[in-house]
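Reviewing the structure listed below.
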Amino acid sequence: MLDHLQKLGATTLQTLERLGRGHLFLFHVLLGMPALLKRLGLVVYQVYSVGVLSLLIIGVAGLFVGMVLALQGYNTLVDFGAEESLGVVVALTLVRELGPVVASLLFAGRAGSALTAEIGLMKATEQLSAMEMMAIDPLHRVVAPRFLAGVIALPLLAALFSAVGVIGGYFVSVGLLGVDEGAFWSQMQAKVDLFEDIANGVIKSLVFGVVVTWIAVFEGYDAIPTSEGVSRATTRTVVHGSLAVLGLDFVLTALMFG
Amino acid sequence: MPSTNETNNADNMPLVQIRGLRYFRGSRPIFDGVDIDIMRGHLTAIMGPSGTGKTTLLRLIGGQLCPHEGSILVDGEDVAKLSSKQLYQLRKRMGMLFQNGALLTDINVFENVAFPLREHTLLPEAMIRHLVLMKLEAVGLRGANQLMPSELSGGMARRVALARAIALDPMMIMYDEPFTGQDPISKGVLVSLLKNLNDALQLTSVLVSHDVREALSIADYAYVISEGKVVEHGSAEAIRNSRSDWVHQFIHGEKDGPVPFHYAANNLFEDLMQG
């Protein structure tokens, strides 16, 4: 019994200590942000790396999610003769929920894991130490541009996910299921609100962008510098990043629409 | 303006002065009361078996680790007491060659050497190009300036890292096991390169190594450390002629001596019978 209590206490202390380290890490990274204004090239390259290279998976996933939403929505709405509202259902589901959430989950798997592995391997091969000894702060030179790039890229990817999803939903609704094209678009235009729906979706994806990228860069920087350590850190990025997105989504949804 | 006497006194002072250094990893002492002086313009070798904390010593000198007790003065500044800004200013005057080179793998040889110049100076591109090519010429790799780090052999990677370490013309340079894993030719090249650079650039060099023959062949002064203490120090000749059994075993690579071949264990017969 005492052993279990001791283990619980040790685990709690370790978790709190790591949380503290994570917050200090974020603070130092944010301190490096002003210097990035002079070196936008670093950020642009990272936006390409984490954003542009994620376009394919985001686009394909968005298309299929939109198509599935249309199929499932139609089956439910047709019983009530409300299949012309399919456009609204697809758009609201994507813009409010699935766009930010699924894009973030995919981002954690595709770009987050890559960020962790890259920084972790730089640590394992002493590249970060070498930078420190060259009087260059790796938090500012390596981590800050990647963090900012993730925060910029994820809202854009989420918006793209929703847009492609709506197009996928359109093809299935209008092309496959015979929903009236005018009703599909006009109801969507009338019911989707710029501030309540789209802006809230963008805020969600921005928050997810901060959290997922923070977890990814911290896990890489904090990784044990061995192949096993980097592998574990990469796994933690995907697991913790995904759980954080799902948990935060509930909190944000409750605050925005609850 | 300092008088000639003051200037001479400063020149005679060690560039790195370590006093009463104690450093622990967990409860295990890595250094337990170590005093070391690294004289200006000298090539000082720090030798000892693997796991004695030689690399840790370089990290302590570079301020990447903080001593638990004692002081480390570099050019008169107590490294542990510097703010991070002051520490980074000091590091601009220090170079370090890591065991595996630690080249940035996403940029080529030229950009690796240019990296500190681009980060710390506002030199025009033409000047950076000249400096980089001169540094690469000094290590014999000007022709390899467009290669990626993955295309270099281990010895070449270390030479590129050496060119990068001297890019800002530091006052001192620290070498972490530069000869480990090198073939005889690469080893010979590195040995002469280290000595020539030290003399030509009037550097102060700290060479951490367990390659006794190579280290002693170029060192002006050497320290042998073991189990957290300095067990011998002096000129290369003095180390070779040391009366310490431990140093004798280490220098000549004998398998048994004060450092036993067998790790401490229970009686073999008892161990076998337990199974």
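Identifiers in this document derive from the order of the structure tokens: chains are assigned A, B, ..., residues are numbered from 1 separately in each chain, and ligands are numbered from 1 in order of occurrence.
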- Task: With a cut-off of 12 Å and counting only C-alpha atoms, select all residues of chain A in contact with chain B and give the selection as a ChimeraX atom specification.
- Result: /A:35,38-39,118-119,121-138,140-142
- Close residues, Phe64 (chain A) itself excluded, 9 Å, only C-alpha atoms, min 4 positions apart in chain, as a VMD selection string: chain A and resid 59 to 60 68 to 69 164 to 165 168 to 169
- Query: Which residues, written as a ChimeraX atom specification, have at least one atom at most 10 Å from Leu26 (chain A), with only C-alpha atoms counted and residues fewer than 3 positions away on the same chain left out?
  - Reply: /A:20-23,29-32,139,143-144,147,214-215,217-218
Same residues, C-alpha atoms, saved as an mmCIF file, in the first residue's frame:
```
data_model
loop_
_atom_site.group_PDB
_atom_site.id
_atom_site.type_symbol
_atom_site.label_atom_id
_atom_site.label_comp_id
_atom_site.auth_asym_id
_atom_site.auth_seq_id
_atom_site.Cartn_x
_atom_site.Cartn_y
_atom_site.Cartn_z
ATOM 1 C CA GLY A 20 6.608 23.247 -15.252
ATOM 2 C CA ARG A 21 9.508 22.594 -17.594
ATOM 3 C CA GLY A 22 7.128 22.648 -20.548
ATOM 4 C CA HIS A 23 5.773 26.056 -19.551
ATOM 5 C CA VAL A 29 10.415 30.090 -27.136
ATOM 6 C CA LEU A 30 8.032 33.058 -27.049
ATOM 7 C CA LEU A 31 10.937 35.297 -26.036
ATOM 8 C CA GLY A 32 12.592 34.326 -29.308
ATOM 9 C CA LEU A 139 15.348 27.600 -28.664
ATOM 10 C CA VAL A 143 12.428 25.736 -31.985
ATOM 11 C CA ALA A 144 10.849 29.201 -32.329
ATOM 12 C CA PHE A 147 6.577 26.627 -33.306
ATOM 13 C CA TRP A 214 4.043 23.148 -28.379
ATOM 14 C CA ILE A 215 3.781 19.479 -27.419
ATOM 15 C CA VAL A 217 8.635 20.789 -30.145
ATOM 16 C CA PHE A 218 8.837 20.266 -26.380
#
```
- Message: Just want the 7 Å neighbourhood of Ile30 (chain B), counted on only C-alpha atoms, with same-chain residues fewer than 3 positions away dropped. Output as a ChimeraX atom specification.
- Response: /B:23-25,52-53,227-228
- Going by DSSP on the backbone, which bits of region 47-117 of chain B are strand (DSSP E or B)? Write them as a VMD selection string, please. chain B and resid 47 69 to 74 77 to 78 94 to 97
Next, the residues of the selection above should be written as a PDB file, in the first residue's frame with N, CA, C and O atoms.
```pdb
ATOM      1  N   MET B  47      43.394  13.457 -20.166  1.00  0.00           N
ATOM      2  CA  MET B  47      43.258  12.045 -20.523  1.00  0.00           C
ATOM      3  C   MET B  47      42.664  11.254 -19.365  1.00  0.00           C
ATOM      4  O   MET B  47      42.723  11.669 -18.209  1.00  0.00           O
ATOM      5  N   GLU B  69      30.267  22.431  -6.757  1.00  0.00           N
ATOM      6  CA  GLU B  69      31.175  23.198  -5.890  1.00  0.00           C
ATOM      7  C   GLU B  69      32.393  23.587  -6.694  1.00  0.00           C
ATOM      8  O   GLU B  69      32.719  22.946  -7.695  1.00  0.00           O
ATOM      9  N   GLY B  70      33.082  24.614  -6.224  1.00  0.00           N
ATOM     10  CA  GLY B  70      34.305  25.031  -6.893  1.00  0.00           C
ATOM     11  C   GLY B  70      34.035  26.067  -7.965  1.00  0.00           C
ATOM     12  O   GLY B  70      32.896  26.493  -8.163  1.00  0.00           O
ATOM     13  N   SER B  71      35.116  26.480  -8.632  1.00  0.00           N
ATOM     14  CA  SER B  71      34.959  27.534  -9.633  1.00  0.00           C
ATOM     15  C   SER B  71      35.696  27.176 -10.918  1.00  0.00           C
ATOM     16  O   SER B  71      36.676  26.442 -10.906  1.00  0.00           O
ATOM     17  N   ILE B  72      35.161  27.689 -12.021  1.00  0.00           N
ATOM     18  CA  ILE B  72      35.812  27.540 -13.324  1.00  0.00           C
ATOM     19  C   ILE B  72      35.933  28.938 -13.916  1.00  0.00           C
ATOM     20  O   ILE B  72      34.910  29.548 -14.267  1.00  0.00           O
ATOM     21  N   LEU B  73      37.138  29.445 -13.971  1.00  0.00           N
ATOM     22  CA  LEU B  73      37.360  30.771 -14.544  1.00  0.00           C
ATOM     23  C   LEU B  73      37.877  30.622 -15.963  1.00  0.00           C
ATOM     24  O   LEU B  73      38.847  29.898 -16.199  1.00  0.00           O
ATOM     25  N   VAL B  74      37.206  31.264 -16.906  1.00  0.00           N
ATOM     26  CA  VAL B  74      37.687  31.288 -18.291  1.00  0.00           C
ATOM     27  C   VAL B  74      37.987  32.735 -18.637  1.00  0.00           C
ATOM     28  O   VAL B  74      37.089  33.580 -18.592  1.00  0.00           O
ATOM     29  N   GLU B  77      36.687  35.068 -16.110  1.00  0.00           N
ATOM     30  CA  GLU B  77      35.249  35.142 -15.818  1.00  0.00           C
ATOM     31  C   GLU B  77      34.767  33.810 -15.241  1.00  0.00           C
ATOM     32  O   GLU B  77      35.064  32.753 -15.808  1.00  0.00           O
ATOM     33  N   ASP B  78      34.039  33.889 -14.135  1.00  0.00           N
ATOM     34  CA  ASP B  78      33.510  32.682 -13.509  1.00  0.00           C
ATOM     35  C   ASP B  78      32.296  32.204 -14.320  1.00  0.00           C
ATOM     36  O   ASP B  78      31.231  32.831 -14.297  1.00  0.00           O
ATOM     37  N   MET B  94      35.006  30.946 -27.811  1.00  0.00           N
ATOM     38  CA  MET B  94      35.410  29.551 -27.595  1.00  0.00           C
ATOM     39  C   MET B  94      34.921  28.704 -28.768  1.00  0.00           C
ATOM     40  O   MET B  94      33.835  28.938 -29.280  1.00  0.00           O
ATOM     41  N   GLY B  95      35.727  27.762 -29.172  1.00  0.00           N
ATOM     42  CA  GLY B  95      35.271  26.827 -30.192  1.00  0.00           C
ATOM     43  C   GLY B  95      35.226  25.439 -29.593  1.00  0.00           C
ATOM     44  O   GLY B  95      35.946  25.169 -28.627  1.00  0.00           O
ATOM     45  N   MET B  96      34.360  24.595 -30.129  1.00  0.00           N
ATOM     46  CA  MET B  96      34.345  23.225 -29.611  1.00  0.00           C
ATOM     47  C   MET B  96      34.150  22.242 -30.756  1.00  0.00           C
ATOM     48  O   MET B  96      33.289  22.438 -31.612  1.00  0.00           O
ATOM     49  N   LEU B  97      34.971  21.237 -30.746  1.00  0.00           N
ATOM     50  CA  LEU B  97      34.838  20.170 -31.735  1.00  0.00           C
ATOM     51  C   LEU B  97      34.211  18.966 -31.032  1.00  0.00           C
ATOM     52  O   LEU B  97      34.810  18.398 -30.122  1.00  0.00           O
TER      53      LEU B  97
END
```
- Query: What lies within 9 Å of region 181-198 of chain B using only C-alpha atoms, ignoring chain neighbours under 5 positions off, as an MDAnalysis selection string?
  - Reply: chainID B and resid 41:43 138:139 154:156 158:159 162 172:173 203:205 214:215 217:219
- Query: Smallest atom-to-atom distance to Asn200 (chain A): which of A:Val95, A:Leu86, A:Ala159, A:Leu13, using only C-alpha atoms?
  - Reply: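 Smallest distance to Asn200 (chain A) is found for A:Val95.
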